[in-house]
Amino acid sequence: MKGQKIITLLTDFGVADSYVGVMKGVMLGINPELKFVDITHAVPAGDIKKGAFRLFTAYKFFPKSTIHLVVIDPGVGSKRKPIIVETKDYYFVGPDNGVFSWIYDREECKVYEIQEIPAEISNTFHGRDIFAPTAAKLSLEVKPIKLGREIKKYISFKPPTPYISQTQIKGEIIDIDKFGNLITNISKSQFYKFINNKQFEIKIKGHKIYEVKTSYEGENIIAIFGSTNFLEISLPRGNCASLIKADIGNKITITKQCGK
Amino acid sequence: MKGQKIITLLTDFGVADSYVGVMKGVMLGINPELKFVDITHAVPAGDIKKGAFRLFTAYKFFPKSTIHLVVIDPGVGSKRKPIIVETKDYYFVGPDNGVFSWIYDREECKVYEIQEIPAEISNTFHGRDIFAPTAAKLSLEVKPIKLGREIKKYISFKPPTPYISQTQIKGEIIDIDKFGNLITNISKSQFYKFINNKQFEIKIKGHKIYEVKTSYEGENIIAIFGSTNFLEISLPRGNCASLIKADIGNKITITKQCGK
Amino acid sequence: MKGQKIITLLTDFGVADSYVGVMKGVMLGINPELKFVDITHAVPAGDIKKGAFRLFTAYKFFPKSTIHLVVIDPGVGSKRKPIIVETKDYYFVGPDNGVFSWIYDREECKVYEIQEIPAEISNTFHGRDIFAPTAAKLSLEVKPIKLGREIKKYISFKPPTPYISQTQIKGEIIDIDKFGNLITNISKSQFYKFINNKQFEIKIKGHKIYEVKTSYEGENIIAIFGSTNFLEISLPRGNCASLIKADIGNKITITKQCGK
């Protein structure tokens, strides 16, 4: 990986304080050629699972050798490790608290505990004092092994996967976007393999849907495969989450209509 | 137009999801030299008129050959066309749903239907799959005609214009900004041509104003020409929209005080 | 200062309107090589003190010769002066209304009234018409004295400092961040000099704290030195401001437990 200049940022810092700007200032002090792209800073405070999913939806749309800086770090100042995750195409920098779980699940990863840490750092803002400087050094083509040591144990949770039997998929809502689209954990390939050209019934919060649409049309809630290839439940020109009072974690079932 | 590196982004995506970051990632994959400027991502979901006006307030302050990427696209996945609009100084890329109406009204435009579209695209995120790649290709000096075909029919609404008689201007509020300033559709040139050095009465939501100020001073609501040269109604150091409970679409009349 | 390409932006414009984008467009028209970093645009409308503190928390983390553009300007269009502030390492550009008070307090400053102003400017958006162009010109290494004249009188308020006696520090909350951390005006050096290895009691809104932590741990509200070296009161994995209903301006006292 060489010549990398892109660092993405994903945090729970919000944009009302100066924390995000400060991290960028620190990084520009180390590598003035950097380009930043904000993924989002609106992850709810300390919501590691939401941050992990946001990262998953974005990371692979960036050019090879992009560095993804992720600071959702409720354990800042405690003993949780600061880490670098290396995949074939990307670096990831952030705390070892599970925020890279989707990456571990989808990519071959090497994980390094960051050990090159300044003598004097704050107790509360390792984004500024550890993670941002590490990301900026990686952008200068410093190898991870120069910044820490490889570790084999790190924190990972299993991304929520649906239960699939012969006759039914039991999934759940794992995200809700600004438009009120309900993103489920049922992937396109899982769905079509299961359906196998049979008819089906999708059931969510008492509502039933019998087809998958290919555009946001009609007056009722629809099922459609979204941009991350997960099944989504949506209300064309309206907010599905508000309409049916859906929340993250709500169940969705797909039942095959056998013999029909 | 050559050497262009600036792409502006205007969407209704919000900044809590990763959609905006993803579009930037895709574009950097095509042209790593790009500079991005966000106009806004806070247009209400699907609000084409608001997006059209936001674009109007911003586009001409950018250097020549800037590319303006506008993704307010409630019809994504349907038959609405993806288009490029070319003016003397700029390119615009987005859906053919009226979001470029103010541009059509103010500039000489050539409009192209985008035809260079990947074989596999999502149903729900043409910002990522069609519009962003098109904008990035234009930044590499690919000509619009290489990306599509010129079309003569496209969707346009007439920007709201005031009714002007000998004695009265009847206008309306077309935007309200963060400060609660009420932006009307009455332009500076329309106003002064109409007034012609006579006295006048401005009436809005029962309030009357008899002069146009040149700074935010005083305790009461005032009339002032804003930064887009439209007449604005404002409350110095307060929020006029909240105070007088004003909304977009509310009427404003200016009556000439003849013979006085 | 040469080769500067970084301009930070700190405003009360919000990000729903196009004002911030427009300023960036204007600056790129003057210097296409610029890099922008947003500090924040979420300062409440006209809140000069909040803006001044946000600037203080961020400015010194940027590389030397960064230009800090600050537009919190409730007096736009009135007689308040547009100014440039020059310190050893940075330029600051904005209105003369006290927003640079923390800078005056911490740095040796030269202050210039901006006099190079276009003949036709708006009444309402000097960010676009005066401040942004001035910042962009400074980035091209134009000297401040070419853009205005040095002035000795300018508006400054004293940053809130704690009252410190032999036995007590009386401070106050000067900021609350997204996480609900209460940032006080009691600095690390003031605190440790005062405490002098004695025991102490911190009292805020009826709550008592007897130690300073070094990480966000435990179930109760804690005291911790934050990233700007001020004492902060926090609720680990919760929102302290909400819990104890704290506001900016609330008092905090630290009492030395003499003889114990």
# chains A, B, ... in the order shown; residues from 1 in each chain; ligands from 1
$ select_by_dssp --residues "stretch 10-227 of chain A" --states "alpha helix (DSSP H)" --output "VMD selection string"
chain A and resid 19 to 30 48 to 58 101 to 106 126 132 to 139 144 to 147 188 to 195
$ residues_around --residues "stretch 182-187 of chain A" --least-positions-apart "2" --cutoff "7 Å" --atoms "only C-alpha atoms" --output "PyMOL selection string"
chain A and resi 160-162+171-176+180+189-191+229-234+241
$ atom_distance --atom1 "atom CA of B:Glu120" --atom2 "atom CA of B:Gly77"
12.5 Å
$ interface_residues --of "chain B" --to "chain A" --cutoff "10 Å" --atoms "only C-alpha atoms" --output "PDB file with N, CA and C atoms, in the first residue's frame"
ATOM      1  N   ASP B  12     -30.542  14.882   0.100  1.00  0.00           N
ATOM      2  CA  ASP B  12     -31.462  14.780   1.235  1.00  0.00           C
ATOM      3  C   ASP B  12     -31.093  13.560   2.100  1.00  0.00           C
ATOM      4  N   PHE B  13     -29.818  13.171   2.066  1.00  0.00           N
ATOM      5  CA  PHE B  13     -29.377  11.943   2.740  1.00  0.00           C
ATOM      6  C   PHE B  13     -29.154  12.112   4.242  1.00  0.00           C
ATOM      7  N   GLY B  14     -29.073  13.345   4.726  1.00  0.00           N
ATOM      8  CA  GLY B  14     -28.639  13.530   6.105  1.00  0.00           C
ATOM      9  C   GLY B  14     -27.191  13.106   6.255  1.00  0.00           C
ATOM     10  N   VAL B  15     -26.684  13.221   7.481  1.00  0.00           N
ATOM     11  CA  VAL B  15     -25.290  12.847   7.708  1.00  0.00           C
ATOM     12  C   VAL B  15     -25.164  11.760   8.772  1.00  0.00           C
ATOM     13  N   ALA B  16     -26.291  11.140   9.133  1.00  0.00           N
ATOM     14  CA  ALA B  16     -26.233  10.072  10.130  1.00  0.00           C
ATOM     15  C   ALA B  16     -25.913   8.725   9.488  1.00  0.00           C
ATOM     16  N   ASP B  17     -26.358   8.525   8.263  1.00  0.00           N
ATOM     17  CA  ASP B  17     -26.044   7.288   7.548  1.00  0.00           C
ATOM     18  C   ASP B  17     -24.721   7.470   6.802  1.00  0.00           C
ATOM     19  N   SER B  18     -24.303   6.434   6.101  1.00  0.00           N
ATOM     20  CA  SER B  18     -23.007   6.513   5.424  1.00  0.00           C
ATOM     21  C   SER B  18     -23.128   6.855   3.948  1.00  0.00           C
ATOM     22  N   TYR B  19     -24.340   7.231   3.492  1.00  0.00           N
ATOM     23  CA  TYR B  19     -24.577   7.407   2.054  1.00  0.00           C
ATOM     24  C   TYR B  19     -23.669   8.467   1.421  1.00  0.00           C
ATOM     25  N   VAL B  20     -23.495   9.601   2.101  1.00  0.00           N
ATOM     26  CA  VAL B  20     -22.691  10.681   1.518  1.00  0.00           C
ATOM     27  C   VAL B  20     -21.226  10.251   1.424  1.00  0.00           C
ATOM     28  N   GLY B  21     -20.718   9.660   2.492  1.00  0.00           N
ATOM     29  CA  GLY B  21     -19.340   9.175   2.479  1.00  0.00           C
ATOM     30  C   GLY B  21     -19.104   8.148   1.381  1.00  0.00           C
ATOM     31  N   VAL B  22     -20.070   7.275   1.201  1.00  0.00           N
ATOM     32  CA  VAL B  22     -19.951   6.238   0.168  1.00  0.00           C
ATOM     33  C   VAL B  22     -19.835   6.868  -1.224  1.00  0.00           C
ATOM     34  N   MET B  23     -20.654   7.864  -1.505  1.00  0.00           N
ATOM     35  CA  MET B  23     -20.564   8.527  -2.819  1.00  0.00           C
ATOM     36  C   MET B  23     -19.180   9.147  -3.019  1.00  0.00           C
ATOM     37  N   LYS B  24     -18.642   9.733  -1.954  1.00  0.00           N
ATOM     38  CA  LYS B  24     -17.297  10.335  -2.072  1.00  0.00           C
ATOM     39  C   LYS B  24     -16.236   9.260  -2.316  1.00  0.00           C
ATOM     40  N   GLY B  25     -16.384   8.137  -1.629  1.00  0.00           N
ATOM     41  CA  GLY B  25     -15.455   7.033  -1.836  1.00  0.00           C
ATOM     42  C   GLY B  25     -15.459   6.558  -3.283  1.00  0.00           C
ATOM     43  N   VAL B  26     -16.657   6.394  -3.813  1.00  0.00           N
ATOM     44  CA  VAL B  26     -16.794   5.955  -5.212  1.00  0.00           C
ATOM     45  C   VAL B  26     -16.123   6.960  -6.157  1.00  0.00           C
ATOM     46  N   MET B  27     -16.329   8.233  -5.908  1.00  0.00           N
ATOM     47  CA  MET B  27     -15.754   9.251  -6.797  1.00  0.00           C
ATOM     48  C   MET B  27     -14.236   9.302  -6.693  1.00  0.00           C
ATOM     49  N   LEU B  28     -13.709   9.148  -5.483  1.00  0.00           N
ATOM     50  CA  LEU B  28     -12.244   9.141  -5.323  1.00  0.00           C
ATOM     51  C   LEU B  28     -11.620   7.921  -5.991  1.00  0.00           C
ATOM     52  N   GLY B  29     -12.385   6.850  -6.099  1.00  0.00           N
ATOM     53  CA  GLY B  29     -11.901   5.684  -6.825  1.00  0.00           C
ATOM     54  C   GLY B  29     -11.743   5.957  -8.319  1.00  0.00           C
ATOM     55  N   ILE B  30     -12.519   6.905  -8.839  1.00  0.00           N
ATOM     56  CA  ILE B  30     -12.455   7.253 -10.266  1.00  0.00           C
ATOM     57  C   ILE B  30     -11.454   8.389 -10.504  1.00  0.00           C
ATOM     58  N   ASN B  31     -11.472   9.379  -9.612  1.00  0.00           N
ATOM     59  CA  ASN B  31     -10.540  10.510  -9.728  1.00  0.00           C
ATOM     60  C   ASN B  31      -9.999  10.872  -8.354  1.00  0.00           C
ATOM     61  N   PRO B  32      -8.803  10.409  -8.015  1.00  0.00           N
ATOM     62  CA  PRO B  32      -8.263  10.626  -6.664  1.00  0.00           C
ATOM     63  C   PRO B  32      -7.912  12.084  -6.367  1.00  0.00           C
ATOM     64  N   GLU B  33      -7.948  12.936  -7.392  1.00  0.00           N
ATOM     65  CA  GLU B  33      -7.567  14.337  -7.178  1.00  0.00           C
ATOM     66  C   GLU B  33      -8.733  15.222  -6.767  1.00  0.00           C
ATOM     67  N   LEU B  34      -9.918  14.668  -6.657  1.00  0.00           N
ATOM     68  CA  LEU B  34     -11.105  15.487  -6.404  1.00  0.00           C
ATOM     69  C   LEU B  34     -11.069  16.226  -5.087  1.00  0.00           C
ATOM     70  N   LYS B  35     -11.678  17.407  -5.096  1.00  0.00           N
ATOM     71  CA  LYS B  35     -12.007  18.134  -3.877  1.00  0.00           C
ATOM     72  C   LYS B  35     -13.524  18.172  -3.761  1.00  0.00           C
ATOM     73  N   PHE B  36     -14.027  17.895  -2.568  1.00  0.00           N
ATOM     74  CA  PHE B  36     -15.477  17.931  -2.354  1.00  0.00           C
ATOM     75  C   PHE B  36     -15.869  19.131  -1.505  1.00  0.00           C
ATOM     76  N   PRO B  44     -35.099  18.141   3.448  1.00  0.00           N
ATOM     77  CA  PRO B  44     -36.053  17.118   3.895  1.00  0.00           C
ATOM     78  C   PRO B  44     -36.221  16.041   2.819  1.00  0.00           C
ATOM     79  N   ALA B  45     -36.424  14.798   3.250  1.00  0.00           N
ATOM     80  CA  ALA B  45     -36.488  13.652   2.323  1.00  0.00           C
ATOM     81  C   ALA B  45     -37.426  13.930   1.154  1.00  0.00           C
ATOM     82  N   GLY B  46     -36.873  13.907  -0.039  1.00  0.00           N
ATOM     83  CA  GLY B  46     -37.685  14.027  -1.237  1.00  0.00           C
ATOM     84  C   GLY B  46     -38.180  15.423  -1.565  1.00  0.00           C
ATOM     85  N   PRO B  74     -36.528  11.015  -4.993  1.00  0.00           N
ATOM     86  CA  PRO B  74     -37.562  10.118  -4.467  1.00  0.00           C
ATOM     87  C   PRO B  74     -37.983   9.059  -5.489  1.00  0.00           C
ATOM     88  N   GLY B  75     -37.731   9.313  -6.776  1.00  0.00           N
ATOM     89  CA  GLY B  75     -38.134   8.341  -7.792  1.00  0.00           C
ATOM     90  C   GLY B  75     -37.055   7.348  -8.159  1.00  0.00           C
ATOM     91  N   VAL B  76     -36.036   7.210  -7.302  1.00  0.00           N
ATOM     92  CA  VAL B  76     -34.949   6.274  -7.610  1.00  0.00           C
ATOM     93  C   VAL B  76     -35.497   4.887  -7.945  1.00  0.00           C
ATOM     94  N   GLY B  77     -34.955   4.327  -9.008  1.00  0.00           N
ATOM     95  CA  GLY B  77     -35.382   2.989  -9.390  1.00  0.00           C
ATOM     96  C   GLY B  77     -36.558   2.976 -10.351  1.00  0.00           C
ATOM     97  N   SER B  78     -37.282   4.106 -10.451  1.00  0.00           N
ATOM     98  CA  SER B  78     -38.390   4.201 -11.410  1.00  0.00           C
ATOM     99  C   SER B  78     -37.835   4.667 -12.756  1.00  0.00           C
ATOM    100  N   LYS B  79     -38.725   5.148 -13.614  1.00  0.00           N
ATOM    101  CA  LYS B  79     -38.275   5.486 -14.975  1.00  0.00           C
ATOM    102  C   LYS B  79     -37.735   6.906 -15.108  1.00  0.00           C
ATOM    103  N   ILE B 121     -26.725  -2.461 -11.119  1.00  0.00           N
ATOM    104  CA  ILE B 121     -26.837  -1.352 -10.182  1.00  0.00           C
ATOM    105  C   ILE B 121     -27.915  -1.670  -9.164  1.00  0.00           C
ATOM    106  N   SER B 122     -27.841  -0.976  -8.020  1.00  0.00           N
ATOM    107  CA  SER B 122     -28.853  -1.188  -6.987  1.00  0.00           C
ATOM    108  C   SER B 122     -30.164  -0.544  -7.425  1.00  0.00           C
ATOM    109  N   ASN B 123     -31.246  -0.918  -6.751  1.00  0.00           N
ATOM    110  CA  ASN B 123     -32.547  -0.295  -7.007  1.00  0.00           C
ATOM    111  C   ASN B 123     -32.741   0.984  -6.220  1.00  0.00           C
ATOM    112  N   THR B 124     -31.910   1.190  -5.220  1.00  0.00           N
ATOM    113  CA  THR B 124     -32.231   2.220  -4.223  1.00  0.00           C
ATOM    114  C   THR B 124     -31.183   3.311  -4.075  1.00  0.00           C
ATOM    115  N   PHE B 125     -30.033   3.185  -4.738  1.00  0.00           N
ATOM    116  CA  PHE B 125     -28.975   4.158  -4.465  1.00  0.00           C
ATOM    117  C   PHE B 125     -28.246   4.515  -5.769  1.00  0.00           C
ATOM    118  N   HIS B 126     -28.970   5.225  -6.632  1.00  0.00           N
ATOM    119  CA  HIS B 126     -28.368   5.659  -7.885  1.00  0.00           C
ATOM    120  C   HIS B 126     -27.364   6.788  -7.657  1.00  0.00           C
ATOM    121  N   ARG B 128     -24.949   6.577  -5.631  1.00  0.00           N
ATOM    122  CA  ARG B 128     -23.697   5.814  -5.632  1.00  0.00           C
ATOM    123  C   ARG B 128     -23.399   5.177  -6.981  1.00  0.00           C
ATOM    124  N   ASP B 129     -24.444   4.632  -7.616  1.00  0.00           N
ATOM    125  CA  ASP B 129     -24.221   3.758  -8.776  1.00  0.00           C
ATOM    126  C   ASP B 129     -24.232   4.488 -10.114  1.00  0.00           C
TER     127      ASP B 129
END
$ atom_distance --atom1 "atom CA of B:Thr255" --atom2 "atom CA of B:Asn220"
20.1 Å
$ residues_around --residues "B:Ser156" --least-positions-apart "3" --cutoff "8 Å" --atoms "only C-alpha atoms" --output "JSON, numbers by chain"
{"B": [97, 98, 99, 100, 101, 104]}
$ write_last_selection --atoms "N, CA and C atoms" --output "PDB file, in the first residue's frame"
ATOM      1  N   ASN B  97     -36.112  15.430 -12.258  1.00  0.00           N
ATOM      2  CA  ASN B  97     -37.371  15.544 -11.515  1.00  0.00           C
ATOM      3  C   ASN B  97     -37.707  16.989 -11.158  1.00  0.00           C
ATOM      4  N   GLY B  98     -37.024  17.928 -11.785  1.00  0.00           N
ATOM      5  CA  GLY B  98     -37.304  19.336 -11.507  1.00  0.00           C
ATOM      6  C   GLY B  98     -36.290  19.994 -10.598  1.00  0.00           C
ATOM      7  N   VAL B  99     -35.366  19.228 -10.052  1.00  0.00           N
ATOM      8  CA  VAL B  99     -34.432  19.791  -9.076  1.00  0.00           C
ATOM      9  C   VAL B  99     -33.491  20.828  -9.710  1.00  0.00           C
ATOM     10  N   PHE B 100     -33.424  20.844 -11.037  1.00  0.00           N
ATOM     11  CA  PHE B 100     -32.588  21.845 -11.709  1.00  0.00           C
ATOM     12  C   PHE B 100     -33.398  23.008 -12.275  1.00  0.00           C
ATOM     13  N   SER B 101     -34.649  23.153 -11.844  1.00  0.00           N
ATOM     14  CA  SER B 101     -35.556  24.145 -12.434  1.00  0.00           C
ATOM     15  C   SER B 101     -35.017  25.573 -12.350  1.00  0.00           C
ATOM     16  N   TYR B 104     -32.405  25.976 -15.046  1.00  0.00           N
ATOM     17  CA  TYR B 104     -33.022  26.149 -16.372  1.00  0.00           C
ATOM     18  C   TYR B 104     -33.544  27.580 -16.534  1.00  0.00           C
TER      19      TYR B 104
END
$ residues_around --residues "C:Ser65" --least-positions-apart "6" --cutoff "12 Å" --atoms "only C-alpha atoms" --output "PyMOL selection string"
(chain A and resi 25+28-29) or (chain C and resi 1-8+59+86-92+135+138-141)
$ closest_residue --among "A:Glu116, A:Asp73, A:Asp47, A:Glu108" --to "A:Pro95" --atoms "only C-alpha atoms"
A:Asp73
